[in-house]
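Visitor: Pasting final.tsv below, which is TSV, C-alpha atoms.
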chain	number	residue	atom	x	y	z
A	6	MET	CA	0.00	0.00	0.00
A	7	PRO	CA	1.17	3.60	-0.42
A	8	THR	CA	3.17	4.73	2.53
A	9	ASP	CA	1.49	7.30	4.71
A	10	ASP	CA	4.43	9.60	3.93
A	11	ASP	CA	3.93	9.36	0.15
A	12	PHE	CA	0.25	10.00	0.23
A	13	LEU	CA	0.42	12.63	2.95
A	14	HIS	CA	3.22	14.66	1.43
A	15	LEU	CA	2.64	14.17	-2.28
A	16	GLY	CA	-1.10	13.51	-2.34
A	17	TYR	CA	-0.54	10.47	-4.51
A	18	ALA	CA	1.15	7.09	-4.45
A	19	VAL	CA	1.64	4.12	-6.75
A	20	THR	CA	0.83	0.87	-5.01
A	21	PRO	CA	0.94	-2.77	-6.09
A	22	ALA	CA	-2.23	-4.84	-5.74
A	23	ALA	CA	-2.55	-6.86	-2.57
A	24	ASP	CA	-4.21	-9.50	-4.74
A	25	LEU	CA	-3.47	-9.57	-8.48
A	26	ALA	CA	-6.18	-12.08	-9.42
A	27	PRO	CA	-9.13	-9.61	-9.38
A	28	LEU	CA	-7.17	-7.20	-11.60
A	29	THR	CA	-6.47	-10.00	-14.06
A	30	ARG	CA	-10.20	-10.83	-14.07
A	31	LEU	CA	-11.04	-7.17	-14.64
A	32	ARG	CA	-8.64	-6.95	-17.58
A	33	HIS	CA	-9.94	-10.18	-19.09
A	34	GLN	CA	-13.60	-9.11	-18.80
A	35	ILE	CA	-12.91	-5.77	-20.47
A	36	PHE	CA	-10.81	-7.53	-23.13
A	37	HIS	CA	-13.69	-9.90	-23.87
A	38	ILE	CA	-16.22	-7.06	-24.35
A	39	ALA	CA	-13.75	-4.87	-26.27
A	40	GLN	CA	-13.12	-7.60	-28.85
A	41	GLU	CA	-16.87	-7.68	-29.57
A	42	ILE	CA	-17.34	-3.91	-29.66
A	43	PHE	CA	-14.35	-3.25	-31.90
A	44	ASP	CA	-14.88	-6.44	-33.93
A	45	ALA	CA	-11.24	-7.40	-33.46
A	46	ARG	CA	-9.65	-10.57	-32.16
A	47	SER	CA	-6.36	-11.20	-30.39
A	48	GLY	CA	-4.62	-14.01	-28.58
A	49	ASN	CA	-4.21	-12.14	-25.34
A	50	ALA	CA	-5.39	-9.04	-23.57
A	51	GLU	CA	-2.02	-7.33	-23.19
A	52	GLU	CA	-1.24	-7.58	-26.90
A	53	PHE	CA	-4.77	-6.49	-27.87
A	54	PHE	CA	-4.61	-3.38	-25.70
A	55	ASN	CA	-1.00	-2.41	-26.47
A	56	GLN	CA	-1.41	-2.88	-30.22
A	57	PHE	CA	-4.95	-1.49	-30.45
A	58	HIS	CA	-3.88	1.39	-32.70
A	59	GLN	CA	-3.13	-1.15	-35.45
A	60	HIS	CA	-6.91	-1.51	-35.94
A	61	GLY	CA	-7.17	2.06	-37.22
A	62	VAL	CA	-10.13	3.14	-35.10
A	63	THR	CA	-9.87	6.88	-34.46
A	64	GLY	CA	-11.80	10.12	-33.99
A	65	ALA	CA	-15.58	10.15	-33.61
A	66	ARG	CA	-15.89	6.42	-34.32
A	67	LEU	CA	-13.43	5.61	-31.55
A	68	ASN	CA	-15.33	7.81	-29.12
A	69	ASP	CA	-18.67	6.30	-30.11
A	70	LEU	CA	-17.38	2.75	-29.64
A	71	ARG	CA	-15.59	3.70	-26.42
A	72	LEU	CA	-18.87	5.02	-24.99
A	73	ARG	CA	-20.58	1.75	-25.96
A	74	LEU	CA	-17.73	-0.11	-24.30
A	75	ILE	CA	-18.15	1.93	-21.10
A	76	GLU	CA	-21.89	1.24	-21.13
A	77	ARG	CA	-21.33	-2.51	-21.54
A	78	CYS	CA	-18.56	-2.59	-18.93
A	79	THR	CA	-20.70	-0.67	-16.45
A	80	ALA	CA	-23.54	-3.16	-16.96
A	81	GLU	CA	-21.47	-6.35	-17.07
A	82	VAL	CA	-18.22	-5.76	-15.17
A	83	ASP	CA	-18.18	-4.89	-11.47
A	84	ALA	CA	-14.97	-2.89	-11.72
A	85	GLY	CA	-15.56	-1.13	-8.40
A	86	ALA	CA	-15.73	-4.42	-6.53
A	87	LEU	CA	-12.82	-6.02	-8.43
A	88	ILE	CA	-10.51	-3.04	-7.85
A	89	PHE	CA	-11.55	-3.02	-4.20
A	90	GLU	CA	-10.73	-6.73	-3.97
A	91	ALA	CA	-7.31	-6.04	-5.46
A	92	PHE	CA	-6.49	-2.95	-3.40
A	93	GLY	CA	-8.73	-3.43	-0.35
A	94	PRO	CA	-6.10	-2.65	2.33
A	95	THR	CA	-5.13	0.60	0.58
A	96	VAL	CA	-8.70	1.78	0.06
A	97	ARG	CA	-9.70	0.95	3.64
A	98	GLY	CA	-6.50	2.53	4.94
A	99	LEU	CA	-7.29	5.82	3.23
A	100	LEU	CA	-11.06	5.95	3.71
A	101	GLY	CA	-12.10	3.54	6.46
A	102	PRO	CA	-14.60	0.70	6.29
A	103	ASP	CA	-17.81	2.56	5.30
A	104	LEU	CA	-17.37	2.97	1.58
A	105	LEU	CA	-19.04	4.22	-1.57
A	106	VAL	CA	-17.76	3.45	-5.04
A	107	GLN	CA	-18.46	5.27	-8.29
A	108	LYS	CA	-21.30	3.66	-10.25
A	109	THR	CA	-19.73	3.93	-13.68
A	110	THR	CA	-16.17	3.09	-14.65
A	111	ASN	CA	-14.32	5.56	-16.82
A	112	LEU	CA	-12.25	3.90	-19.50
A	113	VAL	CA	-9.59	5.78	-21.45
A	114	ILE	CA	-7.87	4.65	-24.66
A	115	GLN	CA	-4.85	6.74	-25.56
A	116	GLN	CA	-3.33	5.75	-28.88
A	117	PRO	CA	0.17	6.78	-29.99
A	118	HIS	CA	0.23	10.36	-31.33
A	119	ASP	CA	-3.46	10.95	-30.61
A	120	PRO	CA	-3.54	14.78	-30.52
A	121	ASP	CA	-6.32	14.82	-27.90
A	122	PRO	CA	-4.94	13.50	-24.62
A	123	SER	CA	-6.84	13.89	-21.32
A	124	GLU	CA	-6.94	17.61	-20.55
A	125	LEU	CA	-5.32	19.12	-17.51
A	126	HIS	CA	-7.86	19.19	-14.70
A	127	ARG	CA	-8.55	18.40	-11.07
A	128	ASP	CA	-11.55	16.42	-9.85
A	129	ALA	CA	-12.36	18.41	-6.69
A	130	PRO	CA	-14.41	20.45	-6.86
A	131	SER	CA	-16.79	19.20	-8.27
A	132	ASN	CA	-15.96	15.86	-6.67
A	133	SER	CA	-15.55	15.82	-2.91
A	134	PRO	CA	-12.08	16.51	-1.52
A	135	TYR	CA	-12.71	13.46	0.65
A	136	GLU	CA	-12.63	11.04	-2.29
A	137	VAL	CA	-9.69	9.14	-3.68
A	138	VAL	CA	-9.15	8.55	-7.40
A	139	VAL	CA	-7.87	5.13	-8.36
A	140	TRP	CA	-6.25	5.00	-11.78
A	141	VAL	CA	-5.70	1.44	-12.95
A	142	PRO	CA	-3.76	0.77	-16.15
A	143	LEU	CA	-4.68	-2.38	-18.07
A	144	VAL	CA	-1.16	-2.42	-19.59
A	145	ASP	CA	2.24	-1.29	-18.34
A	146	CYS	CA	2.30	2.52	-18.50
A	147	HIS	CA	5.41	4.65	-18.52
A	148	ALA	CA	6.67	8.00	-19.83
A	149	THR	CA	4.12	9.70	-22.13
A	150	LYS	CA	1.95	6.56	-22.22
A	151	SER	CA	1.07	7.34	-18.60
A	152	LEU	CA	-0.34	10.32	-16.68
A	153	TYR	CA	1.40	13.36	-15.29
A	154	ILE	CA	0.39	14.73	-11.95
A	155	LEU	CA	1.20	17.75	-9.80
A	156	ASP	CA	1.80	16.91	-6.16
A	157	ARG	CA	0.19	18.88	-3.33
A	158	GLN	CA	2.81	21.62	-3.27
A	159	LYS	CA	2.93	22.03	-7.03
A	160	THR	CA	-0.86	22.01	-7.25
A	161	ALA	CA	-1.04	24.75	-4.61
A	162	ALA	CA	1.55	26.81	-6.51
A	163	ALA	CA	-0.33	26.28	-9.78
A	164	GLN	CA	-3.55	27.46	-8.16
A	165	GLU	CA	-1.85	30.64	-7.01
A	166	LEU	CA	-0.63	31.20	-10.57
A	167	LEU	CA	-4.14	30.70	-11.95
A	168	LYS	CA	-5.65	33.03	-9.36
A	169	ALA	CA	-3.15	35.72	-10.36
A	170	HIS	CA	-3.68	35.17	-14.11
A	171	ASN	CA	-7.10	33.64	-14.47
A	172	ASP	CA	-7.43	34.83	-18.07
A	173	ASP	CA	-4.37	32.89	-19.23
A	174	TRP	CA	-5.23	29.20	-19.49
A	175	ALA	CA	-2.47	28.54	-22.04
A	176	GLY	CA	0.15	29.89	-19.66
A	177	PHE	CA	-1.32	27.89	-16.80
A	178	GLU	CA	-1.32	24.73	-18.89
A	179	ALA	CA	2.30	25.25	-19.97
A	180	HIS	CA	3.28	25.75	-16.33
A	181	CYS	CA	1.51	22.53	-15.26
A	182	LEU	CA	2.97	20.49	-18.13
A	183	ALA	CA	6.45	21.62	-17.08
A	184	ALA	CA	5.80	21.04	-13.37
A	185	GLY	CA	3.90	17.75	-13.75
A	186	GLN	CA	5.59	14.53	-12.75
A	187	GLY	CA	5.18	11.53	-15.07
A	188	VAL	CA	4.17	8.47	-13.11
A	189	ASP	CA	5.16	4.97	-14.18
A	190	VAL	CA	2.47	2.45	-13.29
A	191	PRO	CA	2.84	-1.17	-14.37
A	192	PHE	CA	-0.16	-3.46	-14.81
A	193	GLY	CA	-0.81	-4.91	-11.36
A	194	SER	CA	-0.39	-1.55	-9.64
A	195	ALA	CA	-2.58	1.52	-9.37
A	196	LEU	CA	-2.09	5.22	-8.92
A	197	PHE	CA	-4.05	6.52	-5.93
A	198	PHE	CA	-4.44	10.28	-5.78
A	199	TRP	CA	-6.29	12.98	-3.93
A	200	THR	CA	-9.10	14.55	-5.98
A	201	GLY	CA	-7.65	18.04	-5.50
A	202	LEU	CA	-4.49	17.38	-7.55
A	203	TYR	CA	-4.08	18.69	-11.09
A	204	HIS	CA	-3.34	15.92	-13.57
A	205	GLY	CA	-3.64	15.04	-17.25
A	206	SER	CA	-1.95	13.26	-20.14
A	207	ARG	CA	0.61	14.34	-22.67
A	208	VAL	CA	0.40	13.21	-26.29
A	209	ASN	CA	1.38	9.53	-26.19
A	210	GLN	CA	4.77	9.45	-27.92
A	211	GLU	CA	5.36	5.76	-27.19
A	212	THR	CA	4.71	2.93	-29.64
A	213	GLU	CA	1.91	1.30	-27.64
A	214	THR	CA	-1.69	2.24	-26.81
A	215	ARG	CA	-2.63	2.98	-23.24
A	216	TRP	CA	-5.81	1.43	-21.85
A	217	SER	CA	-6.74	2.46	-18.34
A	218	VAL	CA	-9.76	2.64	-16.09
A	219	ASN	CA	-10.37	5.09	-13.30
A	220	LEU	CA	-12.95	5.44	-10.60
A	221	ARG	CA	-13.42	7.02	-7.20
A	222	TYR	CA	-14.03	5.77	-3.69
A	223	LYS	CA	-15.54	7.90	-0.94
A	224	GLY	CA	-16.35	7.49	2.72
A	225	LEU	CA	-20.10	7.07	3.26
A	226	PHE	CA	-20.27	9.74	5.95
A	227	SER	CA	-17.67	12.18	4.59
A	228	PRO	CA	-18.66	15.58	3.15
A	229	ASN	CA	-20.04	15.48	-0.38
A	230	GLY	CA	-18.84	17.38	-3.41
A	231	LEU	CA	-21.15	18.88	-6.02
A	232	LYS	CA	-21.66	15.40	-7.42
A	233	ASP	CA	-24.58	13.85	-5.62
A	234	PRO	CA	-23.57	10.51	-4.06
A	235	LEU	CA	-26.97	9.03	-4.89
A	236	GLU	CA	-26.36	9.85	-8.54
A	237	TYR	CA	-22.69	8.96	-8.91
A	238	PHE	CA	-21.96	6.35	-6.25
A	239	ARG	CA	-23.28	3.14	-4.76
A	240	LEU	CA	-22.76	1.60	-1.36
A	241	LEU	CA	-19.82	-0.82	-1.31
A	242	SER	CA	-19.23	-1.78	2.31
A	243	LEU	CA	-20.35	-1.05	5.87
A	244	SER	CA	-18.55	-1.70	9.14
A	245	PRO	CA	-20.37	-3.93	11.65
A	246	LEU	CA	-20.86	-0.89	13.89
A	247	SER	CA	-22.40	1.20	11.09
A	248	GLN	CA	-24.69	-1.72	10.26
A	249	HIS	CA	-25.97	-1.62	13.86
A	250	GLY	CA	-26.41	2.15	13.82
A	251	LEU	CA	-28.22	2.24	10.49
A	252	ALA	CA	-30.43	-0.69	11.48
A	253	PHE	CA	-31.38	1.30	14.59
A	254	HIS	CA	-32.50	4.24	12.45
A	255	LYS	CA	-34.27	1.93	10.00
A	256	ARG	CA	-36.39	0.49	12.81
A	257	GLN	CA	-37.28	4.04	13.85
A	258	LEU	CA	-38.19	5.26	10.38
A	259	LEU	CA	-39.47	2.21	8.52
A	260	GLY	CA	-40.59	-0.02	11.38
B	13	MET	CA	-46.02	-2.73	-20.70
B	14	LYS	CA	-46.16	-1.01	-17.32
B	15	SER	CA	-47.89	2.32	-16.84
B	16	PHE	CA	-46.14	4.93	-14.76
B	17	TYR	CA	-47.17	8.27	-13.32
B	18	ALA	CA	-44.50	10.95	-13.71
B	19	CYS	CA	-43.80	13.42	-10.94
B	20	ILE	CA	-41.44	16.20	-11.94
B	21	ASP	CA	-39.51	18.27	-9.41
B	22	ALA	CA	-41.38	21.56	-9.05
B	23	SER	CA	-38.30	23.26	-7.63
B	24	LEU	CA	-36.88	22.91	-11.16
B	25	PRO	CA	-33.30	21.73	-10.56
B	26	ALA	CA	-33.47	21.08	-14.31
B	27	PRO	CA	-35.83	22.61	-16.90
B	28	GLN	CA	-39.17	20.86	-17.18
B	29	PRO	CA	-38.61	19.51	-20.73
B	30	LEU	CA	-35.30	17.93	-19.66
B	31	GLN	CA	-37.00	16.38	-16.63
B	32	HIS	CA	-39.64	14.85	-18.91
B	33	LEU	CA	-36.95	13.43	-21.21
B	34	ALA	CA	-35.12	11.84	-18.31
B	35	ILE	CA	-38.33	10.49	-16.78
B	36	ARG	CA	-39.49	9.00	-20.10
B	37	ASP	CA	-36.10	7.33	-20.54
B	38	ARG	CA	-36.22	5.91	-17.03
B	39	ALA	CA	-39.78	4.60	-17.56
B	40	ALA	CA	-38.68	2.86	-20.76
B	41	LYS	CA	-35.71	1.25	-19.00
B	42	ALA	CA	-38.12	0.01	-16.32
B	43	GLY	CA	-40.25	-1.65	-19.01
B	44	GLY	CA	-43.02	0.88	-19.23
B	45	ALA	CA	-44.23	4.28	-20.33
B	46	ILE	CA	-45.62	7.44	-18.76
B	47	THR	CA	-49.39	7.75	-18.88
B	48	PHE	CA	-49.77	11.05	-17.05
B	49	TYR	CA	-47.78	13.53	-15.04
B	50	GLY	CA	-47.98	16.06	-12.27
B	51	ALA	CA	-45.89	18.17	-9.94
B	52	GLU	CA	-46.08	19.25	-6.32
B	53	GLU	CA	-47.56	22.61	-5.46
B	54	ILE	CA	-44.69	24.77	-4.22
B	55	LEU	CA	-46.28	24.98	-0.77
B	56	THR	CA	-46.27	21.18	-0.45
B	57	LEU	CA	-42.71	20.52	-1.66
B	58	GLY	CA	-41.71	19.41	1.84
B	59	SER	CA	-44.74	17.31	2.72
B	60	GLN	CA	-45.34	15.91	-0.79
B	61	ALA	CA	-49.06	16.09	-0.04
B	62	PHE	CA	-50.01	16.34	-3.73
B	63	ILE	CA	-48.30	13.19	-4.95
B	64	GLN	CA	-49.43	11.26	-1.89
B	65	ALA	CA	-53.09	12.07	-2.57
B	66	LYS	CA	-52.70	11.65	-6.33
B	67	LEU	CA	-51.23	8.16	-6.15
B	68	ARG	CA	-53.95	6.99	-3.79
B	69	ARG	CA	-56.66	7.82	-6.30
B	70	TYR	CA	-54.95	7.31	-9.65
B	71	PRO	CA	-55.90	3.85	-10.89
B	72	GLY	CA	-54.24	1.44	-13.23
B	73	ILE	CA	-50.60	2.34	-12.78
B	74	GLN	CA	-47.75	0.11	-11.71
B	75	GLY	CA	-45.47	2.83	-10.44
B	76	VAL	CA	-44.32	6.40	-10.30
B	77	VAL	CA	-41.20	7.94	-11.79
B	78	PHE	CA	-39.80	10.95	-9.95
B	79	PHE	CA	-37.20	13.19	-11.55
B	80	THR	CA	-34.98	12.89	-8.47
B	81	ILE	CA	-35.01	11.19	-5.11
B	82	ASN	CA	-34.19	14.62	-3.70
B	83	GLN	CA	-37.93	15.31	-3.96
B	84	PHE	CA	-38.19	13.28	-0.75
B	85	ALA	CA	-35.63	15.48	1.01
B	86	TYR	CA	-37.21	18.94	0.81
B	87	GLY	CA	-38.93	18.67	4.21
B	88	PRO	CA	-37.37	18.78	7.68
B	89	ALA	CA	-36.46	15.08	7.34
B	90	PHE	CA	-36.20	12.62	4.46
B	91	ASN	CA	-39.72	11.35	3.72
B	92	PHE	CA	-39.14	7.64	4.30
B	93	LYS	CA	-42.76	7.32	5.40
B	94	LEU	CA	-44.07	8.25	1.94
B	95	LEU	CA	-41.57	5.98	0.21
B	96	LYS	CA	-42.74	3.11	2.38
B	97	THR	CA	-46.39	3.95	1.66
B	98	ILE	CA	-45.74	3.93	-2.08
B	99	VAL	CA	-43.96	0.59	-2.24
B	100	ALA	CA	-45.48	-1.30	0.71
B	101	THR	CA	-49.08	0.00	0.99
B	102	LEU	CA	-49.93	1.16	-2.52
B	103	ASN	CA	-47.75	-1.60	-4.04
B	104	LEU	CA	-46.32	0.77	-6.62
B	105	GLU	CA	-42.77	0.82	-7.94
B	106	ALA	CA	-40.79	4.00	-7.29
B	107	HIS	CA	-38.21	5.06	-9.88
B	108	PHE	CA	-35.83	8.01	-9.89
B	109	ALA	CA	-34.62	9.29	-13.23
B	110	ARG	CA	-31.64	11.38	-12.23
B	111	GLU	CA	-30.10	8.78	-9.96
B	112	GLY	CA	-31.10	5.76	-12.05
B	113	LEU	CA	-32.50	4.16	-8.91
B	114	ALA	CA	-35.47	1.81	-8.57
B	115	ILE	CA	-37.32	0.80	-5.41
B	116	ARG	CA	-39.75	-1.87	-6.49
B	117	ASP	CA	-40.92	-3.19	-3.10
B	118	ALA	CA	-40.40	-2.98	0.64
B	119	ALA	CA	-37.39	-5.30	0.54
B	120	ALA	CA	-35.67	-3.00	-1.95
B	121	LEU	CA	-36.37	-0.03	0.30
B	122	ASP	CA	-34.89	-1.91	3.26
B	123	ALA	CA	-31.77	-2.69	1.24
B	124	LEU	CA	-31.31	0.90	0.07
B	125	PHE	CA	-32.06	2.46	3.45
B	126	PRO	CA	-28.46	2.63	4.77
B	127	PHE	CA	-27.27	4.50	1.68
B	128	LEU	CA	-30.24	6.91	1.59
B	129	TYR	CA	-30.16	7.61	5.31
B	130	ALA	CA	-26.41	8.17	5.53
B	131	VAL	CA	-26.25	10.43	2.47
B	132	ASP	CA	-29.22	12.49	3.68
B	133	ALA	CA	-27.70	12.78	7.16
B	134	ALA	CA	-24.37	13.99	5.73
B	135	ARG	CA	-26.14	16.51	3.50
B	136	ARG	CA	-28.13	17.98	6.38
B	137	ARG	CA	-25.03	18.06	8.60
B	138	ASP	CA	-23.06	19.94	5.93
B	139	ALA	CA	-25.89	22.05	4.51
B	140	ASP	CA	-24.27	25.34	5.47
B	141	ARG	CA	-20.87	24.54	4.02
B	142	SER	CA	-21.57	22.87	0.73
B	143	TRP	CA	-19.14	23.21	-2.15
B	144	ARG	CA	-21.88	24.79	-4.24
B	145	ALA	CA	-22.14	27.63	-1.74
B	146	LEU	CA	-18.37	27.99	-1.56
B	147	ILE	CA	-18.07	28.15	-5.34
B	148	LEU	CA	-20.82	30.78	-5.52
B	149	GLN	CA	-19.00	32.77	-2.86
B	150	ALA	CA	-15.75	32.53	-4.83
B	151	ALA	CA	-17.49	33.61	-8.03
B	152	THR	CA	-19.08	36.56	-6.26
B	153	ALA	CA	-15.75	37.61	-4.78
B	154	ARG	CA	-14.11	37.36	-8.21
B	155	THR	CA	-16.82	39.52	-9.77
B	156	THR	CA	-16.38	42.08	-7.01
B	157	ASP	CA	-12.61	42.07	-7.50
B	158	THR	CA	-12.97	42.57	-11.22
B	159	SER	CA	-15.38	45.47	-10.94
B	160	SER	CA	-13.39	47.36	-8.34
Just give me the structure as structure tokens.
Guide:
Amino acid sequence: MPTDDDFLHLGYAVTPAADLAPLTRLRHQIFHIAQEIFDARSGNAEEFFNQFHQHGVTGARLNDLRLRLIERCTAEVDAGALIFEAFGPTVRGLLGPDLLVQKTTNLVIQQPHDPDPSELHRDAPSNSPYEVVVWVPLVDCHATKSLYILDRQKTAAAQELLKAHNDDWAGFEAHCLAAGQGVDVPFGSALFFWTGLYHGSRVNQETETRWSVNLRYKGLFSPNGLKDPLEYFRLLSLSPLSQHGLAFHKRQLLG
Amino acid sequence: MKSFYACIDASLPAPQPLQHLAIRDRAAKAGGAITFYGAEEILTLGSQAFIQAKLRRYPGIQGVVFFTINQFAYGPAFNFKLLKTIVATLNLEAHFAREGLAIRDAAALDALFPFLYAVDAARRRDADRSWRALILQAATARTTDTSS
């Protein structure tokens, strides 16, 4: 799991799965659906994902099929539970035992030289600053195939810059691209980061396609962001004590 | 095909036509269609007196589709009593378009209770310090700075 020092000081940490098997199941299930959606076949998931750009699916068609893939994965793959199985000690260590998980799983496909990488942004607000983002690559990710992220200090400095020059997004973006730290994350590990950190992708200059999923976990009782928990999350786990407390209120209110 | 009554949110968190679109979509996903619709009178937003009376005397429907489950949270406490009446006494399904939630019977309400109760409790606890309010404050301050 990420050390307390890493997460506390940087706001992010790369951690290996406590149990690799659920991640392998997750990758296989997405691989299975992706082959159908993109009408492409491959001998193994890693090769399919890494060499995806060879199929020549780009632009609006890629986005359309990616959205269909997300819809199918949300309906058929319980990514929130599988990632929790793989990284349970880390998630519980950061958030405690009473947990919500995002309902839908975001899936990103970043092909080599795609001119539209994930834009620079931070999740909170509008997400709660009491959520953690879990970014899970389905293939080994390094250099420009991966994300860049600004740690707590650099994010705070970037915010000051934006406050002082809030009409200069290009300058802000250039500053963040220079300050951002590339994070190498092999398959079998995940990047955990605080929702308040600026992050994004550069144009993928490597020779392989990046496939990654990301979702968020939140404490059931922690303050909400603008995103309504009932709309964006579902209940994942409750401590025995919370089960007693909530059962007490249920008897009062529902009989 | 099931028949549903639609109950839009009269506080208009989204424009009425968008609420109808979302409600129709939710009804279709639940295997039915909307046969009629209504909305709370502004003075009964908290008590939900309109929809309570309406559902008791509106025959031939299998359920009701609300725009949002927040319609049960406009009073001093979350209206679990009405939800229970809908699913356990009137034997109607309750669907919520914005959240994509369905409560088809009393067992489903029991199962969802911990989530609904805890989220509502956190909202009420933090009502005075929501991010929305903070962002509005920041925007106001920025406007003031710019104009001075």
Visitor: Sort by chain and increasing residue number a table of all residues of chain B within 10 Å of chain A, each with its closest pair of atoms and their distance in Å to one decimal, counting all atoms listed in the file, and write it as CSV.
Guide:
residue,atom,partner,partner_atom,distance
B:Thr80,CA,A:Glu236,CA,9.1
B:Ile81,CA,A:Leu235,CA,8.3
B:Asn82,CA,A:Leu235,CA,9.2
B:Phe90,CA,A:Leu258,CA,9.7
B:Asn91,CA,A:Leu258,CA,9.2
B:Phe92,CA,A:Leu258,CA,6.6
B:Lys93,CA,A:Leu259,CA,6.8
B:Leu95,CA,A:Leu259,CA,9.4
B:Lys96,CA,A:Leu259,CA,7.0
B:Thr97,CA,A:Leu259,CA,9.9
B:Phe108,CA,A:Glu236,CA,9.7
B:Ala109,CA,A:Glu236,CA,9.5
B:Arg110,CA,A:Glu236,CA,6.6
B:Glu111,CA,A:Glu236,CA,4.1
B:Gly112,CA,A:Glu236,CA,7.2
B:Leu113,CA,A:Glu236,CA,8.4
B:Ala118,CA,A:Leu259,CA,9.5
B:Leu121,CA,A:Leu259,CA,9.1
B:Asp122,CA,A:Lys255,CA,7.8
B:Leu124,CA,A:Leu240,CA,8.7
B:Phe125,CA,A:Lys255,CA,6.9
B:Pro126,CA,A:Leu251,CA,5.7
B:Phe127,CA,A:Leu240,CA,6.2
B:Leu128,CA,A:Leu235,CA,7.6
B:Tyr129,CA,A:Leu251,CA,7.7
B:Ala130,CA,A:Phe226,CA,6.4
B:Val131,CA,A:Phe226,CA,7.0
B:Asp132,CA,A:Leu235,CA,9.5
B:Ala133,CA,A:Phe226,CA,8.1
B:Ala134,CA,A:Phe226,CA,5.9
B:Arg135,CA,A:Asn229,CA,7.3
B:Arg137,CA,A:Pro228,CA,8.7
B:Asp138,CA,A:Pro228,CA,6.8
B:Ala139,CA,A:Pro228,CA,9.8
B:Arg141,CA,A:Pro228,CA,9.3
B:Ser142,CA,A:Gly230,CA,7.4
B:Trp143,CA,A:Gly230,CA,6.0
B:Arg144,CA,A:Leu231,CA,6.2
B:Ala145,CA,A:Leu231,CA,9.8
B:Ile147,CA,A:Pro130,CA,8.7
B:Arg154,CA,A:Lys168,CA,9.6
Visitor: Go through B:Arg68, B:Gly87, B:Ala114, B:Ala120 one by one, measure the shortest atom-to-atom distance of each to Leu102 in chain B using all atoms listed in the file, and give the residue with the smallest value.
Guide: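 Among the listed residues, B:Arg68 lies closest to Leu102 in chain B.
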Visitor: Excluding Thr79 in chain A and residues on its chain fewer than 3 positions from it, collect all residues at most 8 Å away from it, counting all atoms listed in the file, and give them as a PDB file with C-alpha atoms, in the coordinates of the input.
Guide:
ATOM      1  CA  ILE A  75     -18.150   1.930 -21.100  1.00  0.00           C
ATOM      2  CA  GLU A  76     -21.890   1.240 -21.130  1.00  0.00           C
ATOM      3  CA  VAL A  82     -18.220  -5.760 -15.170  1.00  0.00           C
ATOM      4  CA  ASP A  83     -18.180  -4.890 -11.470  1.00  0.00           C
ATOM      5  CA  ALA A  84     -14.970  -2.890 -11.720  1.00  0.00           C
ATOM      6  CA  LYS A 108     -21.300   3.660 -10.250  1.00  0.00           C
ATOM      7  CA  THR A 109     -19.730   3.930 -13.680  1.00  0.00           C
ATOM      8  CA  THR A 110     -16.170   3.090 -14.650  1.00  0.00           C
TER       9      THR A 110
END
Visitor: Could you check which of B:Gln31, B:Arg38, B:Tyr17, B:Phe79 is closest to Gly50 in chain B, using all atoms listed in the file?
Guide: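 Ranking B:Gln31, B:Arg38, B:Tyr17, B:Phe79 by distance to Gly50 in chain B, first place goes to B:Tyr17.
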Visitor: To one decimal place, how far is CA of Thr95 in chain A from CA of Ala26 in chain A in Å?
Guide: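 Pair CA of Thr95 in chain A / CA of Ala26 in chain A returns 16.2 Å.
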Visitor: Would you mind telling me which residue in A:Tyr17, A:Phe198, A:Phe192, A:Phe54 lies nearest to Leu220 in chain A when using only C-alpha atoms?
Guide: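 Nearest to Leu220 in chain A: A:Phe198.
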Visitor: Kindly give the distance, in Å, that separates CA of Arg97 in chain A and CA of Val139 in chain A, rounded to a single decimal.
Guide: 12.8 Å
Visitor: Could you work out how far CA of Glu81 in chain A lies from CA of Gln107 in chain A, giving the answer in Å with one decimal?
Guide: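 Separation between CA of Gln107 in chain A and CA of Glu81 in chain A: 14.9 Å.
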Visitor: Of the candidates B:Ala18, B:Ile46, B:Ala26, B:Ile115, which shows the shortest atom-to-atom distance to Ala100 in chain B, using all atoms listed in the file?
Guide: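 Ranking B:Ala18, B:Ile46, B:Ala26, B:Ile115 by distance to Ala100 in chain B, first place goes to B:Ile115.
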Visitor: Set the distance at 8 Å and use only C-alpha atoms: which residues neighbour range 57-67 of chain A once local chain neighbours fewer than 3 positions away are removed? I'd like the list as a ChimeraX atom specification.
Guide: /A:45,52-54,70-71,116-117,213-214
Visitor: Can you tell me which residues surround Gln164 in chain A at a distance of at most 9 Å, considering only C-alpha atoms, apart from same-chain residues fewer than 5 positions away, and format the answer as a JSON list (two decimals) with C-alpha atoms, in the frame of the given file?
Guide:
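The resulting file, selection36.json, is shown below:
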[["chain", "number", "residue", "atom", "x", "y", "z"],
["A", 159, "LYS", "CA", 2.93, 22.03, -7.03],
["A", 169, "ALA", "CA", -3.15, 35.72, -10.36],
["A", 177, "PHE", "CA", -1.32, 27.89, -16.80]]
Visitor: Near Leu15 in chain A, counting all atoms listed in the file, which residues have an atom at most 12 Å away, once you skip same-chain residues fewer than 3 positions from it, shown as a ChimeraX atom specification?
Guide: /A:7-12,18-19,154-161,186,197-199,201-203
Visitor: Counting only C-alpha atoms, which residue out of B:Ala89, B:Ala106, B:Glu52, B:Phe62 sits closest to Phe16 in chain B?
Guide: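 Using only C-alpha atoms, Phe16 in chain B sits closest to B:Ala106.
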Visitor: Show me, as a list in words, the residues that have an atom within 12 Å of Ala40 in chain B when counting all atoms listed in the file, minus same-chain residues fewer than 3 positions from it.
Guide: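 Final neighbour list, sorted by chain and number: Met13, Lys14, Ser15, Phe16, Leu33, Ala34, Ile35, Arg36, Asp37, Gly43, Gly44, Ala45, Ile46, Thr47, Val77, His107, Ala109 and Gly112 of chain B.
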